[in-house]
$ cat query-v3.pdb   # PDB, C-alpha atoms, pLDDT in the B column
MODEL        1
ATOM      1  CA  MET W   1     -56.963  16.982 -66.167  1.00 52.00           C
ATOM      2  CA  ARG W   2     -56.991  13.611 -64.396  1.00 80.00           C
ATOM      3  CA  GLN W   3     -56.035  11.759 -67.555  1.00 82.00           C
ATOM      4  CA  ALA W   4     -53.153  14.153 -68.200  1.00 80.00           C
ATOM      5  CA  ARG W   5     -51.823  13.562 -64.681  1.00 82.00           C
ATOM      6  CA  ALA W   6     -52.198   9.782 -65.085  1.00 83.00           C
ATOM      7  CA  ASP W   7     -50.347   9.925 -68.400  1.00 86.00           C
ATOM      8  CA  GLU W   8     -47.601  12.028 -66.824  1.00 87.00           C
ATOM      9  CA  TYR W   9     -47.240   9.473 -64.011  1.00 87.00           C
ATOM     10  CA  ALA W  10     -47.176   6.550 -66.457  1.00 90.00           C
ATOM     11  CA  GLU W  11     -44.424   8.253 -68.459  1.00 90.00           C
ATOM     12  CA  PHE W  12     -42.406   8.947 -65.311  1.00 89.00           C
ATOM     13  CA  ALA W  13     -42.840   5.392 -64.000  1.00 91.00           C
ATOM     14  CA  ALA W  14     -41.802   3.870 -67.316  1.00 93.00           C
ATOM     15  CA  ALA W  15     -38.711   6.069 -67.472  1.00 91.00           C
ATOM     16  CA  ARG W  16     -37.585   5.488 -63.853  1.00 90.00           C
ATOM     17  CA  ALA W  17     -38.604   1.873 -63.193  1.00 92.00           C
ATOM     18  CA  GLY W  18     -35.377   0.392 -64.560  1.00 92.00           C
ATOM     19  CA  HIS W  19     -33.166   2.671 -62.498  1.00 92.00           C
ATOM     20  CA  LEU W  20     -35.243   2.078 -59.376  1.00 93.00           C
ATOM     21  CA  TYR W  21     -35.008  -1.676 -59.952  1.00 94.00           C
ATOM     22  CA  ARG W  22     -31.208  -1.576 -60.289  1.00 92.00           C
ATOM     23  CA  SER W  23     -30.938   0.459 -57.094  1.00 91.00           C
ATOM     24  CA  ALA W  24     -33.309  -1.910 -55.316  1.00 92.00           C
ATOM     25  CA  CYS W  25     -31.222  -4.899 -56.441  1.00 91.00           C
ATOM     26  CA  LEU W  26     -28.171  -3.304 -54.855  1.00 89.00           C
ATOM     27  CA  LEU W  27     -30.063  -2.437 -51.685  1.00 89.00           C
ATOM     28  CA  THR W  28     -31.312  -6.021 -51.367  1.00 88.00           C
ATOM     29  CA  ALA W  29     -27.894  -7.452 -52.267  1.00 85.00           C
ATOM     30  CA  GLY W  30     -29.210  -9.262 -55.302  1.00 85.00           C
ATOM     31  CA  ASP W  31     -32.617 -10.439 -54.083  1.00 87.00           C
ATOM     32  CA  THR W  32     -34.420  -9.722 -57.343  1.00 89.00           C
ATOM     33  CA  TYR W  33     -37.824 -10.748 -56.027  1.00 91.00           C
ATOM     34  CA  LEU W  34     -37.646  -8.368 -53.079  1.00 90.00           C
ATOM     35  CA  ALA W  35     -36.257  -5.666 -55.390  1.00 92.00           C
ATOM     36  CA  GLU W  36     -39.318  -6.026 -57.642  1.00 93.00           C
ATOM     37  CA  ASP W  37     -41.605  -5.788 -54.613  1.00 93.00           C
ATOM     38  CA  LEU W  38     -39.841  -2.662 -53.355  1.00 94.00           C
ATOM     39  CA  VAL W  39     -40.098  -0.975 -56.758  1.00 94.00           C
ATOM     40  CA  GLN W  40     -43.793  -1.833 -57.006  1.00 94.00           C
ATOM     41  CA  GLU W  41     -44.455  -0.477 -53.531  1.00 93.00           C
ATOM     42  CA  THR W  42     -42.462   2.666 -54.327  1.00 93.00           C
ATOM     43  CA  LEU W  43     -44.335   3.266 -57.565  1.00 92.00           C
ATOM     44  CA  GLY W  44     -47.638   2.667 -55.783  1.00 92.00           C
ATOM     45  CA  ARG W  45     -46.806   5.238 -53.138  1.00 91.00           C
ATOM     46  CA  LEU W  46     -45.764   7.710 -55.812  1.00 91.00           C
ATOM     47  CA  TYR W  47     -49.005   7.173 -57.724  1.00 89.00           C
ATOM     48  CA  VAL W  48     -51.092   8.001 -54.663  1.00 88.00           C
ATOM     49  CA  ARG W  49     -49.146  11.240 -54.117  1.00 87.00           C
ATOM     50  CA  TRP W  50     -48.405  12.075 -57.742  1.00 86.00           C
ATOM     51  CA  GLY W  51     -50.245  15.412 -57.585  1.00 82.00           C
ATOM     52  CA  ARG W  52     -47.745  16.670 -55.000  1.00 83.00           C
ATOM     53  CA  VAL W  53     -44.733  14.722 -56.270  1.00 81.00           C
ATOM     54  CA  SER W  54     -45.048  16.050 -59.811  1.00 78.00           C
ATOM     55  CA  ARG W  55     -44.677  19.590 -58.474  1.00 82.00           C
ATOM     56  CA  VAL W  56     -41.440  18.731 -56.655  1.00 79.00           C
ATOM     57  CA  GLY W  57     -38.290  19.996 -58.319  1.00 81.00           C
ATOM     58  CA  ASN W  58     -36.772  16.508 -58.537  1.00 86.00           C
ATOM     59  CA  PRO W  59     -39.374  13.709 -58.698  1.00 87.00           C
ATOM     60  CA  ALA W  60     -36.651  11.158 -59.539  1.00 88.00           C
ATOM     61  CA  GLY W  61     -34.822  12.003 -56.318  1.00 87.00           C
ATOM     62  CA  TYR W  62     -38.094  11.822 -54.426  1.00 89.00           C
ATOM     63  CA  ALA W  63     -38.727   8.363 -55.905  1.00 91.00           C
ATOM     64  CA  GLN W  64     -35.260   7.221 -54.832  1.00 91.00           C
ATOM     65  CA  THR W  65     -35.907   8.507 -51.311  1.00 90.00           C
ATOM     66  CA  VAL W  66     -39.213   6.619 -51.167  1.00 91.00           C
ATOM     67  CA  LEU W  67     -37.440   3.458 -52.379  1.00 93.00           C
ATOM     68  CA  THR W  68     -34.726   3.782 -49.733  1.00 91.00           C
ATOM     69  CA  ARG W  69     -37.197   4.409 -46.927  1.00 91.00           C
ATOM     70  CA  THR W  70     -39.376   1.509 -48.123  1.00 91.00           C
ATOM     71  CA  PHE W  71     -36.316  -0.753 -48.051  1.00 91.00           C
ATOM     72  CA  LEU W  72     -35.296   0.373 -44.563  1.00 88.00           C
ATOM     73  CA  ALA W  73     -38.853  -0.091 -43.264  1.00 87.00           C
ATOM     74  CA  HIS W  74     -38.886  -3.592 -44.741  1.00 87.00           C
ATOM     75  CA  GLN W  75     -35.575  -4.417 -43.045  1.00 83.00           C
ATOM     76  CA  ARG W  76     -36.990  -3.438 -39.659  1.00 81.00           C
ATOM     77  CA  ARG W  77     -39.710  -6.040 -39.950  1.00 74.00           C
ATOM     78  CA  ARG W  78     -38.890  -9.444 -38.497  1.00 57.00           C
ATOM     79  CA  SER W  79     -40.090 -11.281 -41.608  1.00 59.00           C
ATOM     80  CA  SER W  80     -37.603  -9.386 -43.789  1.00 51.00           C
ATOM     81  CA  ARG W  81     -34.882 -11.873 -42.890  1.00 56.00           C
ATOM     82  CA  GLU W  82     -36.565 -14.652 -44.857  1.00 57.00           C
ATOM     83  CA  ARG W  83     -35.009 -15.544 -48.188  1.00 59.00           C
ATOM     84  CA  ALA W  84     -36.753 -17.644 -50.773  1.00 61.00           C
ATOM     85  CA  THR W  85     -33.572 -19.071 -52.263  1.00 62.00           C
ATOM     86  CA  GLU W  86     -29.810 -18.821 -52.176  1.00 68.00           C
ATOM     87  CA  VAL W  87     -29.477 -19.279 -55.933  1.00 70.00           C
ATOM     88  CA  LEU W  88     -29.835 -16.311 -58.246  1.00 64.00           C
ATOM     89  CA  PRO W  89     -32.192 -16.896 -61.169  1.00 59.00           C
ATOM     90  CA  GLU W  90     -30.756 -17.349 -64.620  1.00 63.00           C
ATOM     91  CA  ARG W  91     -30.627 -14.173 -66.641  1.00 61.00           C
ATOM     92  CA  ALA W  92     -31.020 -13.728 -70.338  1.00 54.00           C
ATOM     93  CA  GLY W  93     -28.040 -12.437 -72.273  1.00 53.00           C
ATOM     94  CA  ALA W  94     -24.345 -12.585 -71.570  1.00 53.00           C
ATOM     95  CA  ASP W  95     -23.109 -10.823 -68.494  1.00 53.00           C
ATOM     96  CA  ARG W  96     -19.720  -9.248 -69.132  1.00 60.00           C
ATOM     97  CA  ASP W  97     -18.389  -9.700 -65.630  1.00 70.00           C
ATOM     98  CA  ALA W  98     -20.627 -12.041 -63.678  1.00 75.00           C
ATOM     99  CA  SER W  99     -17.982 -13.027 -61.134  1.00 76.00           C
ATOM    100  CA  LEU W 100     -17.339  -9.408 -60.153  1.00 75.00           C
ATOM    101  CA  ARG W 101     -21.065  -8.735 -59.885  1.00 78.00           C
ATOM    102  CA  LEU W 102     -21.648 -11.787 -57.690  1.00 82.00           C
ATOM    103  CA  THR W 103     -18.654 -10.987 -55.495  1.00 82.00           C
ATOM    104  CA  LEU W 104     -19.881  -7.427 -54.952  1.00 82.00           C
ATOM    105  CA  LEU W 105     -23.462  -8.551 -54.279  1.00 84.00           C
ATOM    106  CA  GLN W 106     -22.239 -11.109 -51.748  1.00 86.00           C
ATOM    107  CA  ALA W 107     -20.142  -8.458 -50.018  1.00 86.00           C
ATOM    108  CA  LEU W 108     -23.091  -6.027 -49.972  1.00 87.00           C
ATOM    109  CA  ALA W 109     -25.303  -8.769 -48.518  1.00 87.00           C
ATOM    110  CA  ARG W 110     -22.960  -9.052 -45.550  1.00 90.00           C
ATOM    111  CA  LEU W 111     -23.388  -5.379 -44.636  1.00 90.00           C
ATOM    112  CA  PRO W 112     -26.156  -4.250 -42.279  1.00 90.00           C
ATOM    113  CA  ALA W 113     -29.166  -2.771 -44.095  1.00 89.00           C
ATOM    114  CA  LYS W 114     -28.445   0.860 -43.216  1.00 90.00           C
ATOM    115  CA  ASP W 115     -24.781   0.546 -44.204  1.00 92.00           C
ATOM    116  CA  ARG W 116     -25.851  -1.038 -47.500  1.00 90.00           C
ATOM    117  CA  ALA W 117     -28.285   1.828 -48.086  1.00 91.00           C
ATOM    118  CA  VAL W 118     -25.533   4.388 -47.438  1.00 92.00           C
ATOM    119  CA  VAL W 119     -23.169   2.676 -49.894  1.00 90.00           C
ATOM    120  CA  VAL W 120     -25.841   2.478 -52.595  1.00 89.00           C
ATOM    121  CA  LEU W 121     -26.978   6.071 -52.174  1.00 89.00           C
ATOM    122  CA  ARG W 122     -23.499   7.586 -51.887  1.00 89.00           C
ATOM    123  CA  TYR W 123     -21.604   5.554 -54.463  1.00 86.00           C
ATOM    124  CA  TRP W 124     -24.191   4.055 -56.817  1.00 85.00           C
ATOM    125  CA  GLU W 125     -26.605   6.972 -56.843  1.00 86.00           C
ATOM    126  CA  ASP W 126     -23.742   9.484 -56.432  1.00 87.00           C
ATOM    127  CA  ARG W 127     -25.618  11.501 -53.830  1.00 88.00           C
ATOM    128  CA  SER W 128     -24.063  13.994 -51.463  1.00 90.00           C
ATOM    129  CA  ILE W 129     -23.849  13.313 -47.751  1.00 91.00           C
ATOM    130  CA  GLU W 130     -26.705  15.736 -47.105  1.00 91.00           C
ATOM    131  CA  GLU W 131     -28.943  14.133 -49.755  1.00 90.00           C
ATOM    132  CA  THR W 132     -28.178  10.685 -48.355  1.00 91.00           C
ATOM    133  CA  ALA W 133     -28.921  11.872 -44.824  1.00 92.00           C
ATOM    134  CA  ASP W 134     -32.236  13.309 -45.984  1.00 90.00           C
ATOM    135  CA  ALA W 135     -33.189  10.112 -47.814  1.00 88.00           C
ATOM    136  CA  MET W 136     -32.371   7.998 -44.779  1.00 89.00           C
ATOM    137  CA  ASN W 137     -33.864  10.375 -42.223  1.00 90.00           C
ATOM    138  CA  ALA W 138     -30.504  10.578 -40.455  1.00 91.00           C
ATOM    139  CA  SER W 139     -27.910  13.205 -39.620  1.00 93.00           C
ATOM    140  CA  SER W 140     -24.957  14.000 -41.866  1.00 92.00           C
ATOM    141  CA  ALA W 141     -22.603  12.789 -39.139  1.00 94.00           C
ATOM    142  CA  ALA W 142     -24.401   9.438 -38.999  1.00 93.00           C
ATOM    143  CA  VAL W 143     -24.071   9.082 -42.773  1.00 93.00           C
ATOM    144  CA  ARG W 144     -20.346   9.880 -42.635  1.00 93.00           C
ATOM    145  CA  THR W 145     -19.832   7.343 -39.861  1.00 93.00           C
ATOM    146  CA  ARG W 146     -21.790   4.685 -41.725  1.00 92.00           C
ATOM    147  CA  CYS W 147     -19.819   5.383 -44.916  1.00 91.00           C
ATOM    148  CA  VAL W 148     -16.502   4.909 -43.145  1.00 91.00           C
ATOM    149  CA  ARG W 149     -17.645   1.720 -41.420  1.00 92.00           C
ATOM    150  CA  ALA W 150     -19.297   0.264 -44.519  1.00 91.00           C
ATOM    151  CA  LEU W 151     -16.283   0.930 -46.739  1.00 88.00           C
ATOM    152  CA  ALA W 152     -13.938  -0.523 -44.118  1.00 89.00           C
ATOM    153  CA  ARG W 153     -16.106  -3.654 -43.958  1.00 89.00           C
ATOM    154  CA  LEU W 154     -16.181  -3.929 -47.760  1.00 87.00           C
ATOM    155  CA  ARG W 155     -12.379  -3.590 -47.871  1.00 86.00           C
ATOM    156  CA  GLU W 156     -12.161  -6.306 -45.257  1.00 87.00           C
ATOM    157  CA  LEU W 157     -14.449  -8.569 -47.296  1.00 85.00           C
ATOM    158  CA  LEU W 158     -13.013  -7.774 -50.732  1.00 84.00           C
ATOM    159  CA  GLY W 159      -9.413  -6.932 -49.925  1.00 79.00           C
ATOM    160  CA  GLU W 160      -7.697  -3.597 -50.367  1.00 66.00           C
ATOM    161  CA  ASP W 161      -7.409  -3.935 -54.141  1.00 60.00           C
ATOM    162  CA  ILE W 162     -10.784  -4.605 -55.711  1.00 55.00           C
ATOM    163  CA  GLY W 163      -9.077  -4.521 -59.109  1.00 52.00           C
ATOM    164  CA  GLU W 164      -8.189  -8.176 -58.681  1.00 56.00           C
ATOM    165  CA  TYR W 165     -11.889  -9.003 -59.168  1.00 49.00           C
ATOM    166  CA  ALA W 166     -12.093  -7.000 -62.372  1.00 45.00           C
ATOM    167  CA  ARG W 167      -9.300  -8.860 -64.176  1.00 45.00           C
ATOM    168  CA  PRO W 168     -10.369 -11.439 -66.807  1.00 42.00           C
TER     169      PRO W 168
ENDMDL
END
$ encode --input "query-v3.pdb" --output "structure tokens"
Amino acid sequence: MRQARADEYAEFAAARAGHLYRSACLLTAGDTYLAEDLVQETLGRLYVRWGRVSRVGNPAGYAQTVLTRTFLAHQRRRSSRERATEVLPERAGADRDASLRLTLLQALARLPAKDRAVVVLRYWEDRSIEETADAMNASSAAVRTRCVRALARLRELLGEDIGEYARP
């Protein structure tokens, strides 16, 4: 029984790790090292509670909630403001639109942590306001307010027409 549960967890972790990592990269505004740490911590927490998590109707959503709460807890710590480097590491393979990606990551980095989390959950993860509120341990009204403020700040940083960044 234990081995079956461990195998089930390993399969889940392998299937979701990439998605969790991409979400973590957005939450951290491109800090790939911190994103890796957040995913590892999330997967560790899931492993400890896998018996209960596996019975949940949506373990992927639960994992995303754990990732978001881990990120927000990290942001509350004083040491979370440290950054190892300003330069992104080189990546293998050709990136189709690197300038757009970097522009968006820089704009996300300028948002407060909770606003960044709202943007990622609502628009990257495509979650409802209620799901986002639950993941962030906040009210629906707070999520709506943060969405409006975060999008206004992004428009201010990127301009009204983001399409200008997508042109070749």
$ closest_residue --input "query-v3.pdb" --among "W:Arg153, W:Ala138, W:Gly159, W:Arg110" --to "Arg69 (chain W)" --atoms "all atoms listed in the file"
W:Ala138
$ resolve_selection --input "query-v3.pdb" --expression "the PyMOL selection byres ((chain W and resi 12) around 12)" --output "PDB file with C-alpha atoms, in the coordinates of the input"
ATOM      1  CA  ARG W   5     -51.823  13.562 -64.681  1.00 82.00           C
ATOM      2  CA  ALA W   6     -52.198   9.782 -65.085  1.00 83.00           C
ATOM      3  CA  ASP W   7     -50.347   9.925 -68.400  1.00 86.00           C
ATOM      4  CA  GLU W   8     -47.601  12.028 -66.824  1.00 87.00           C
ATOM      5  CA  TYR W   9     -47.240   9.473 -64.011  1.00 87.00           C
ATOM      6  CA  ALA W  10     -47.176   6.550 -66.457  1.00 90.00           C
ATOM      7  CA  GLU W  11     -44.424   8.253 -68.459  1.00 90.00           C
ATOM      8  CA  ALA W  13     -42.840   5.392 -64.000  1.00 91.00           C
ATOM      9  CA  ALA W  14     -41.802   3.870 -67.316  1.00 93.00           C
ATOM     10  CA  ALA W  15     -38.711   6.069 -67.472  1.00 91.00           C
ATOM     11  CA  ARG W  16     -37.585   5.488 -63.853  1.00 90.00           C
ATOM     12  CA  ALA W  17     -38.604   1.873 -63.193  1.00 92.00           C
ATOM     13  CA  GLY W  18     -35.377   0.392 -64.560  1.00 92.00           C
ATOM     14  CA  HIS W  19     -33.166   2.671 -62.498  1.00 92.00           C
ATOM     15  CA  LEU W  20     -35.243   2.078 -59.376  1.00 93.00           C
ATOM     16  CA  LEU W  43     -44.335   3.266 -57.565  1.00 92.00           C
ATOM     17  CA  LEU W  46     -45.764   7.710 -55.812  1.00 91.00           C
ATOM     18  CA  TYR W  47     -49.005   7.173 -57.724  1.00 89.00           C
ATOM     19  CA  TRP W  50     -48.405  12.075 -57.742  1.00 86.00           C
ATOM     20  CA  VAL W  53     -44.733  14.722 -56.270  1.00 81.00           C
ATOM     21  CA  SER W  54     -45.048  16.050 -59.811  1.00 78.00           C
ATOM     22  CA  ASN W  58     -36.772  16.508 -58.537  1.00 86.00           C
ATOM     23  CA  PRO W  59     -39.374  13.709 -58.698  1.00 87.00           C
ATOM     24  CA  ALA W  60     -36.651  11.158 -59.539  1.00 88.00           C
ATOM     25  CA  ALA W  63     -38.727   8.363 -55.905  1.00 91.00           C
TER      26      ALA W  63
END
$ closest_residue --input "query-v3.pdb" --among "W:Leu108, W:Leu157, W:Thr68, W:Arg116" --to "Met136 (chain W)" --atoms "all atoms listed in the file"
W:Thr68
$ resolve_selection --input "query-v3.pdb" --expression "the PyMOL selection byres ((chain W and resi 36) around 10)" --output "JSON, numbers by chain"
{"W": [17, 20, 21, 22, 24, 25, 31, 32, 33, 34, 35, 37, 38, 39, 40, 41, 42]}
$ resolve_selection --input "query-v3.pdb" --expression "the PyMOL selection byres ((chain W and resi 114) around 10)" --output "PyMOL selection string"
chain W and resi 27+68+71-72+75+111-113+115-120+136+143+146-147+150
$ axis_aligned_box --input "query-v3.pdb" --around "region 29-39 of chain W" --padding-each-side "3 Å" --output "JSON"
{"center_x": -34.7, "center_y": -5.9, "center_z": -55.0, "size_x": 19.7, "size_y": 15.8, "size_z": 11.4}
$ atom_distance --input "query-v3.pdb" --atom1 "CA of Gly30 (chain W)" --atom2 "CA of Asp97 (chain W)"
15.0 Å
$ closest_residue --input "query-v3.pdb" --among "W:Ser99, W:Thr65, W:Gln106, W:Gln3" --to "Asn137 (chain W)" --atoms "all atoms listed in the file"
W:Thr65
$ closest_residue --input "query-v3.pdb" --among "W:Arg45, W:Ala142, W:Leu105, W:Arg52" --to "Ala29 (chain W)" --atoms "all atoms listed in the file"
W:Leu105
$ closest_residue --input "query-v3.pdb" --among "W:Val66, W:Arg122, W:Arg2, W:Ser23" --to "Gly51 (chain W)" --atoms "all atoms listed in the file"
W:Arg2
$ closest_residue --input "query-v3.pdb" --among "W:Ala109, W:Ala141, W:Leu121, W:Ala135" --to "Leu154 (chain W)" --atoms "all atoms listed in the file"
W:Ala109
$ atom_distance --input "query-v3.pdb" --atom1 "CA of Leu102 (chain W)" --atom2 "CA of Thr145 (chain W)"
26.2 Å
$ atom_distance --input "query-v3.pdb" --atom1 "CA of Ser128 (chain W)" --atom2 "CA of Leu26 (chain W)"
18.1 Å
